[in-house]
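This report refers to the structure that appears directly beneath it.
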Amino acid sequence: MKKSIIIFLVILLSLGERLDAYADFDRNTQYEINGVEYMLDTENMVAGIYRAQYSGGDFVVPSTITYDNKVYTITCIGNSAFNVSYITSITFPNTITSIEAGAFTDCRNLKSVTIPEGITKIERGTFKRCHALSSVSLPESLTSIEKESFRECISLNTITLPSNLTTIGESAFRESSLNTITIPNSVTTIGDAAFSYCSNLSSITLSNNLTSIGKYAFLKCTSLNSITIPNSVKEINNYAFEECI
């Protein structure tokens, strides 16, 4: 009984997050084009992709759609919108202002993505378990990589973090295949387990303004031979470098 209640609460929370992403949208106005469902904000004349799980191949997000002879600008990729889809790449228009949590979770065929300029946050679990993802380009506008954003991206060998990034969240790159990582000087916090189990990670350059390294941050980074901790660091939490042989 207790387990059933917990599962129900998790589902309810997930649903709440999905609806919050469309707080300004008319839930009674949905429109489908070629199997992709859009939700419309009829007051502000914008739209978001609500569901595209059956999409595949190289997917190009349109900058606008037309509904009832009215043109809507696409600004949002919603919570879990492409979850478990078969897309191999995604191209965004410069009209996109938000990509919500879990938008591409479990897209096992997704190989490359370029996040458009103007996006400030990679939300929780956005690319989690995208096992084929090997090429990621991040915009200079990005300031935060949230919890589990790139967790278990086992083909991701390299990534360039933008110069305005300030936060790397919990388990952000956990179990990825990164070989090297340079943390820009704008970053002040590395979250718990952010790079844990990155067994190929052999070289890390830390931010000169880093103040806190979370617990288990580099747990079992077994290829890591050396690291220089900057003087700015005030806190290294438990097991941050545990089992780094």
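Chain labels follow the order of the structure tokens: the first chain is A, the next B, and so on; residue numbering restarts at 1 in every chain, and ligands are counted from 1 in their shown order.
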What are the DSSP strand (DSSP E) residues of range 52-215 of chain A, as number ranges by chain? A: 56-60, 64-67, 70-77, 86-91, 98-99, 112-114, 121-122, 135-137, 144-145, 167-168, 180-182, 189-190, 203-205, 212-213
Please save C-alpha atoms of the selected residues as a PDB file, in the first residue's frame.
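Ended up saving to part14.pdb:
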ATOM      1  CA  GLY A  56      12.030   9.797 -35.839  1.00  0.00           C
ATOM      2  CA  GLY A  57      15.045  10.695 -37.972  1.00  0.00           C
ATOM      3  CA  ASP A  58      16.373  14.244 -38.272  1.00  0.00           C
ATOM      4  CA  PHE A  59      13.707  16.386 -36.651  1.00  0.00           C
ATOM      5  CA  VAL A  60      13.474  20.101 -37.469  1.00  0.00           C
ATOM      6  CA  THR A  64       5.874  28.810 -36.610  1.00  0.00           C
ATOM      7  CA  ILE A  65       2.699  26.833 -37.195  1.00  0.00           C
ATOM      8  CA  THR A  66      -0.627  27.974 -38.607  1.00  0.00           C
ATOM      9  CA  TYR A  67      -3.896  27.091 -36.924  1.00  0.00           C
ATOM     10  CA  LYS A  70      -3.521  32.317 -37.415  1.00  0.00           C
ATOM     11  CA  VAL A  71       0.267  32.061 -37.151  1.00  0.00           C
ATOM     12  CA  TYR A  72       1.779  30.911 -33.842  1.00  0.00           C
ATOM     13  CA  THR A  73       5.476  31.201 -32.949  1.00  0.00           C
ATOM     14  CA  ILE A  74       7.054  28.052 -31.470  1.00  0.00           C
ATOM     15  CA  THR A  75       8.781  29.028 -28.204  1.00  0.00           C
ATOM     16  CA  CYS A  76       8.707  25.922 -25.992  1.00  0.00           C
ATOM     17  CA  ILE A  77       9.636  22.239 -25.975  1.00  0.00           C
ATOM     18  CA  TYR A  86      13.354   7.738 -32.407  1.00  0.00           C
ATOM     19  CA  ILE A  87      14.880  11.036 -33.522  1.00  0.00           C
ATOM     20  CA  THR A  88      18.565  11.008 -34.504  1.00  0.00           C
ATOM     21  CA  SER A  89      19.094  14.785 -34.452  1.00  0.00           C
ATOM     22  CA  ILE A  90      17.127  17.860 -33.467  1.00  0.00           C
ATOM     23  CA  THR A  91      17.333  21.327 -35.000  1.00  0.00           C
ATOM     24  CA  SER A  98      12.647  27.127 -23.083  1.00  0.00           C
ATOM     25  CA  ILE A  99      13.304  23.386 -23.188  1.00  0.00           C
ATOM     26  CA  SER A 112      23.659  15.356 -32.012  1.00  0.00           C
ATOM     27  CA  VAL A 113      22.046  18.498 -30.658  1.00  0.00           C
ATOM     28  CA  THR A 114      22.737  22.224 -30.809  1.00  0.00           C
ATOM     29  CA  LYS A 121      19.046  26.429 -18.375  1.00  0.00           C
ATOM     30  CA  ILE A 122      19.273  22.753 -19.310  1.00  0.00           C
ATOM     31  CA  SER A 135      27.823  15.834 -30.127  1.00  0.00           C
ATOM     32  CA  VAL A 136      26.411  18.654 -27.978  1.00  0.00           C
ATOM     33  CA  SER A 137      26.793  22.373 -28.623  1.00  0.00           C
ATOM     34  CA  SER A 144      22.823  26.324 -15.370  1.00  0.00           C
ATOM     35  CA  ILE A 145      22.999  22.603 -16.146  1.00  0.00           C
ATOM     36  CA  THR A 167      26.089  25.870 -11.780  1.00  0.00           C
ATOM     37  CA  ILE A 168      26.552  22.188 -12.596  1.00  0.00           C
ATOM     38  CA  THR A 180      38.361  15.653 -20.318  1.00  0.00           C
ATOM     39  CA  ILE A 181      36.414  18.568 -18.893  1.00  0.00           C
ATOM     40  CA  THR A 182      37.249  22.228 -18.379  1.00  0.00           C
ATOM     41  CA  THR A 189      29.354  25.131  -7.562  1.00  0.00           C
ATOM     42  CA  ILE A 190      29.707  21.530  -8.687  1.00  0.00           C
ATOM     43  CA  SER A 203      41.757  15.373 -17.034  1.00  0.00           C
ATOM     44  CA  ILE A 204      39.831  18.068 -15.157  1.00  0.00           C
ATOM     45  CA  THR A 205      40.494  21.796 -15.102  1.00  0.00           C
ATOM     46  CA  SER A 212      32.068  24.145  -3.432  1.00  0.00           C
ATOM     47  CA  ILE A 213      32.534  20.571  -4.671  1.00  0.00           C
TER      48      ILE A 213
END
Separation of CA of Arg151 in chain A and CA of Ser196 in chain A, in Å?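 Separation between CA of Arg151 in chain A and CA of Ser196 in chain A: 9.8 Å.
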Using only C-alpha atoms, can you tell me which of A:Ala240, A:Met45, A:Ala101, A:Ala132 comes closest to Ala193 in chain A?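 Counting only C-alpha atoms, the residue closest to Ala193 in chain A is A:Ala240.
Of the listed residues A:Glu140, A:Asp192, A:Glu37, A:Glu32, the one whose atoms come nearest to Leu161 in chain A is A:Glu140, with distances taken using only C-alpha atoms.
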Separation of CA of Ala103 in chain A from CA of Thr126 in chain A, in Å and rounded to one decimal: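 Separating CA of Ala103 in chain A from CA of Thr126 in chain A is a distance of 5.1 Å.
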Hey, can you check how far CA of Val46 in chain A sits from CA of Asp68 in chain A?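 Interatomic distance, CA of Val46 in chain A to CA of Asp68 in chain A: 13.6 Å.
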Show me, as a PyMOL selection string, the residues that have an atom within 8 Å of Thr222 in chain A when counting only C-alpha atoms, minus same-chain residues fewer than 6 positions from it. chain A and resi 197-201+243-245
DSSP helix (DSSP H, G or I) selection over range 5-225 of chain A, as a PyMOL selection string: chain A and resi 5-20
